[in-house]
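Report on the following structure.
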Amino acid sequence: MPSSASRQKGANGSFDLSSIIRDILVRWWVLLIAGMVFVMASYVFITETYTPRYRTTATMVVTMSTSTYYSASSFSMTANLANVLSRVLNSEVLKNAVAEEIGVGDFDGDIVAEQIPETNLLAISVDASSPGLAFRMCKAVIENHSIVTEHVLGDVVMEVLLAPEVPTSPIDQMNRRNGVIQYTAIAMVVLVLGMGVLSYYSDKVKNERDVALKLDTELIVSIPHERKSRNRALRSRRRAKPACLISLATTSFRFIEMFKIARTKIDLRCGRETGHILLVTAAAEGEGVSTIATNLALVMAENNRRVLLVDANTKDPSIGRMLRKRPAQGKSLTDVVSAPIPVMELQPYDTKLRLRLLLCKPSAAGQTDVVTDAAFIDYMNDVKRHFDYIIIDAPPVSVSPDAQGIAEYADAAVLVVRQNSAKTVAINDATDALRAAGTEVLGCVFNDVRADMFSKAYGGYSSRYSYYSYARHGVNGDESADSQPN
């Protein structure tokens, strides 16, 4: 169970727009599928709900019953008549009479009266759901309008000038394209906003501020995300490499420098004594533990440290694949349990670095009791006096009990936290579990950190990199020379 501090920290967080946008973009397939569904749904909805309306119009001549000629008074009377005639013609009395005459239950239409400008002509239009119904309704209105007009309009006489015709096309053409675009756009906006809200409230570590606010451990260093090279030659070479390693010429300067900062901070926290057993693990799978452990071993060996790198992740051994090394015959992780291997016979990484390897054979995958076996623990305690660091790549705390078992005899532990990956509660639970096992948690390596989309600088890298970056990570100026590129 997480501690009270864990719960309190996990309840807080920070707004990170870049992280939210990446959360949405990384689920592009959801947007793609949803977009196609919305398009089809919009098409069906528009097609099924579309009701065409047809309009026919009759032109009437308006005169006074006492007048046989057109005059200005007739024009004025027609204008006034148009203002009230629409309401009069839409009365229930007339509609019922029209419905009865054409033989329908209800008058399903609209009647509109408009004056033709500068004339005494009145256009009476009827809208209905079918061409025939609109035509019959308009004729019925002309024949029955006197039921209401003679009581309201007095001596006004309306005669048909142009009879209505059967309409051939609807007045509101169905525009599927615009409708589909409009409805799909609205649905996609709602979906994106919903995904953004879920991302914001997700209990994950999105930036360095979240590390300070949410986690029960300190930040050692932030490891930047390695972008793929745009150069074709470099890209083809990167396809062949199994992981991002600081020993490769294609690895970025920023990536290498962060591991040098991590080396310096771990040295400061562990002290200058030799024989440190350093456990590297995570709260969940996919955090990049093997990459961090391997690069820590390489960066320390490059600084003339004696390092033993142990692949103790028997669930999924991967250091051998990353380094393109196979366990030497009789010198694997499981071999030392039955027959301890002399230090000088441990498998070397190469002839330049003081780095040796204790790899796990693929056939031993799944054996979860090797690294907690008494014989293995005795071997680790025996050989650690020959090394400055023994770095153990362990399986995640939530996946295997091996990490807690190793923590019982390890001198310190480093927790790997990948940006926006594991839940905060799981990370804090893993931290508590390691401390309960008796090891000191030095802090966390914030892994695979992507640059802020809205900032030109990243992690202190600017024109004044050599000063600001190291000061920010708490590295003294005297040690900056140790972190310069080789």
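So you can find residues: chains in the structure tokens are A, B, ... in the order shown, residues in each start at 1, and ligands are numbered from 1 in order.
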| request: Return as a ChimeraX atom specification the full set of residues in segment 174-291 of chain A whose backbone-based DSSP assignment is helix (DSSP H, G or I). | output: /A:176-201,208-214,232-240,253-270,289-291
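With only C-alpha atoms taken into account, the protein and nucleic acid residues at most 6 Å from segment 349-356 of chain A (excluding it and anything under 5 positions from it in its own chain) are Ala301, Arg306, Val307 and Leu308 of chain A.
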Quick one: residues within 8 Å of segment 206-211 of chain A, only C-alpha atoms counted, chain neighbours fewer than 4 positions away excluded, as a short mmCIF file (atom, residue, chain, number, x, y, z; two decimals) with all heavy atoms, in the first residue's frame?
data_model
loop_
_atom_site.label_atom_id
_atom_site.label_comp_id
_atom_site.auth_asym_id
_atom_site.auth_seq_id
_atom_site.Cartn_x
_atom_site.Cartn_y
_atom_site.Cartn_z
N GLY A 13 -0.56 17.57 -9.38
CA GLY A 13 0.01 17.39 -10.70
C GLY A 13 0.22 18.73 -11.36
O GLY A 13 0.01 19.78 -10.76
N SER A 14 0.64 18.73 -12.61
CA SER A 14 0.88 19.95 -13.33
C SER A 14 0.33 19.82 -14.74
O SER A 14 0.25 18.73 -15.29
CB SER A 14 2.38 20.27 -13.37
OG SER A 14 3.10 19.22 -14.01
N ASP A 16 0.60 20.00 -18.56
CA ASP A 16 1.65 19.89 -19.56
C ASP A 16 0.98 19.69 -20.91
O ASP A 16 0.58 18.59 -21.27
CB ASP A 16 2.58 18.71 -19.23
CG ASP A 16 3.82 18.68 -20.11
OD1 ASP A 16 3.74 19.20 -21.24
OD2 ASP A 16 4.85 18.16 -19.68
N SER A 19 2.65 17.17 -23.33
CA SER A 19 2.37 15.77 -23.00
C SER A 19 0.96 15.37 -23.41
O SER A 19 0.74 14.26 -23.91
CB SER A 19 2.57 15.55 -21.49
OG SER A 19 2.30 14.21 -21.15
N LEU A 215 6.25 12.00 -6.85
CA LEU A 215 7.03 10.83 -6.47
C LEU A 215 7.69 10.98 -5.11
O LEU A 215 8.02 12.09 -4.68
CB LEU A 215 8.10 10.55 -7.53
CG LEU A 215 7.59 10.30 -8.95
CD1 LEU A 215 8.73 9.85 -9.85
CD2 LEU A 215 6.45 9.28 -8.97
N THR A 217 10.61 10.03 -4.36
CA THR A 217 12.05 9.93 -4.54
C THR A 217 12.53 11.12 -5.36
O THR A 217 11.72 11.83 -5.97
CB THR A 217 12.44 8.61 -5.25
OG1 THR A 217 13.85 8.46 -5.27
CG2 THR A 217 11.90 8.58 -6.67
N GLU A 218 13.82 11.34 -5.37
CA GLU A 218 14.38 12.51 -6.04
C GLU A 218 14.75 12.18 -7.48
O GLU A 218 14.93 11.02 -7.86
CB GLU A 218 15.62 13.01 -5.30
CG GLU A 218 15.35 13.48 -3.88
CD GLU A 218 16.62 13.94 -3.19
OE1 GLU A 218 17.69 13.92 -3.84
OE2 GLU A 218 16.55 14.31 -2.01
N LEU A 219 14.88 13.23 -8.27
CA LEU A 219 15.30 13.08 -9.65
C LEU A 219 16.82 13.06 -9.73
O LEU A 219 17.49 13.95 -9.20
CB LEU A 219 14.76 14.24 -10.49
CG LEU A 219 15.21 14.31 -11.95
CD1 LEU A 219 14.66 13.13 -12.74
CD2 LEU A 219 14.80 15.63 -12.58
N SER A 222 17.35 13.49 -16.19
CA SER A 222 16.35 13.24 -17.23
C SER A 222 17.07 12.82 -18.50
O SER A 222 17.93 13.55 -19.00
CB SER A 222 15.51 14.49 -17.50
OG SER A 222 14.72 14.81 -16.37
N GLN A 419 8.76 8.65 -19.09
CA GLN A 419 7.79 9.74 -19.18
C GLN A 419 6.42 9.24 -19.63
O GLN A 419 6.29 8.53 -20.62
CB GLN A 419 8.29 10.81 -20.16
CG GLN A 419 7.40 12.04 -20.23
CD GLN A 419 7.87 13.04 -21.25
OE1 GLN A 419 8.38 12.67 -22.30
NE2 GLN A 419 7.72 14.32 -20.95
N ASN A 420 5.41 9.60 -18.84
CA ASN A 420 4.02 9.34 -19.19
C ASN A 420 3.75 7.85 -19.45
O ASN A 420 3.08 7.49 -20.40
CB ASN A 420 3.64 10.16 -20.42
CG ASN A 420 2.15 10.44 -20.48
OD1 ASN A 420 1.46 10.33 -19.48
ND2 ASN A 420 1.66 10.79 -21.64
N PHE A 446 14.59 9.77 -15.00
CA PHE A 446 13.41 10.10 -15.80
C PHE A 446 13.75 9.83 -17.26
O PHE A 446 14.52 10.57 -17.88
CB PHE A 446 13.03 11.56 -15.56
CG PHE A 446 11.66 11.94 -16.02
CD1 PHE A 446 10.62 11.02 -16.02
CD2 PHE A 446 11.39 13.23 -16.44
CE1 PHE A 446 9.34 11.37 -16.42
CE2 PHE A 446 10.12 13.60 -16.85
CZ PHE A 446 9.10 12.67 -16.83
N VAL A 449 12.50 11.28 -22.20
CA VAL A 449 11.83 12.56 -22.04
C VAL A 449 11.88 13.32 -23.36
O VAL A 449 12.95 13.57 -23.91
CB VAL A 449 12.49 13.40 -20.93
CG1 VAL A 449 11.78 14.73 -20.77
CG2 VAL A 449 12.49 12.63 -19.62
#
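The neighbours of Val414 of chain A here are the residues that come within 9 Å of it, using only C-alpha atoms and leaving out any residue fewer than 2 positions away in the same chain; they are Ile220, Leu278, Leu279, Val280, Thr281, Ala282, Ala412, Val416, Glu440, Val441, Leu442, Gly443, Cys444 and Val445 of chain A.
Residues with any atom within 12 Å of Val30 of chain A, counting only C-alpha atoms and excluding same-chain neighbours fewer than 5 positions away, are A:Asp23, A:Ile24, A:Leu25, A:Gly35, A:Met36, A:Val37, A:Phe38, A:Met188, A:Leu191, A:Val192, A:Met195.
Counting from atom CA of Asp402 of chain A, the distance to atom CA of Asn313 of chain A is 8.3 Å.
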Taken to one decimal, the atom CA of Val299 of chain A-atom CA of Leu248 of chain A distance is 12.0 Å
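Here atom CA of Ser332 of chain A stands at a distance of 19.6 Å from atom CA of Gly405 of chain A.
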Worksheet item: Excluding same-chain residues fewer than 6 positions from Ala243 of chain A, what lies within 9 Å of it counting only C-alpha atoms, as a VMD selection string?
Response: chain A and resid 291 321 to 323
Atoms kept (all heavy atoms) for selection, written as a tab-separated table (two decimals), in the first residue's frame:
chain	number	residue	atom	x	y	z
A	291	THR	N	18.21	-0.50	-20.94
A	291	THR	CA	18.94	0.57	-21.62
A	291	THR	C	19.66	1.45	-20.63
A	291	THR	O	20.83	1.82	-20.82
A	291	THR	CB	17.97	1.41	-22.48
A	291	THR	OG1	17.36	0.57	-23.46
A	291	THR	CG2	18.70	2.54	-23.17
A	321	ARG	N	21.30	-9.02	-26.11
A	321	ARG	CA	20.84	-8.56	-27.42
A	321	ARG	C	21.28	-7.13	-27.69
A	321	ARG	O	21.67	-6.79	-28.81
A	321	ARG	CB	19.32	-8.64	-27.50
A	321	ARG	CG	18.76	-10.05	-27.44
A	321	ARG	CD	17.31	-10.08	-27.91
A	321	ARG	NE	16.47	-9.17	-27.15
A	321	ARG	CZ	15.79	-9.51	-26.05
A	321	ARG	NH1	15.89	-10.75	-25.56
A	321	ARG	NH2	15.03	-8.62	-25.43
A	322	MET	N	21.23	-6.28	-26.68
A	322	MET	CA	21.61	-4.89	-26.86
A	322	MET	C	23.08	-4.76	-27.21
A	322	MET	O	23.46	-3.98	-28.08
A	322	MET	CB	21.29	-4.10	-25.58
A	322	MET	CG	19.82	-3.95	-25.29
A	322	MET	SD	19.53	-3.21	-23.67
A	322	MET	CE	20.40	-1.68	-23.84
A	323	LEU	N	23.93	-5.53	-26.52
A	323	LEU	CA	25.38	-5.45	-26.74
A	323	LEU	C	25.87	-6.41	-27.81
A	323	LEU	O	27.06	-6.43	-28.13
A	323	LEU	CB	26.11	-5.74	-25.42
A	323	LEU	CG	25.83	-4.77	-24.27
A	323	LEU	CD1	26.57	-5.22	-23.01
A	323	LEU	CD2	26.23	-3.36	-24.64
ask   = Could you pull out the strand (DSSP E or B) residues of segment 348-412 of chain A from DSSP and send them as an NGL selection string?
value = :A and (348 or 355-358 or 389-393 or 412)
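Nearest-residue note for Glu165 of chain A: choosing from A:Thr47, A:Thr184, A:Asn428, A:Thr57, the minimum distance belongs to A:Thr57, counting only C-alpha atoms.
With distances restricted to only C-alpha atoms, A:Val397 is the closest residue to Leu434 of chain A from A:Ile377, A:Leu85, A:Val397, A:Val112.
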Of A:Asn447, A:Ser199, A:Gln347, A:Ser91, the one sitting nearest Val221 of chain A when using only C-alpha atoms is A:Asn447
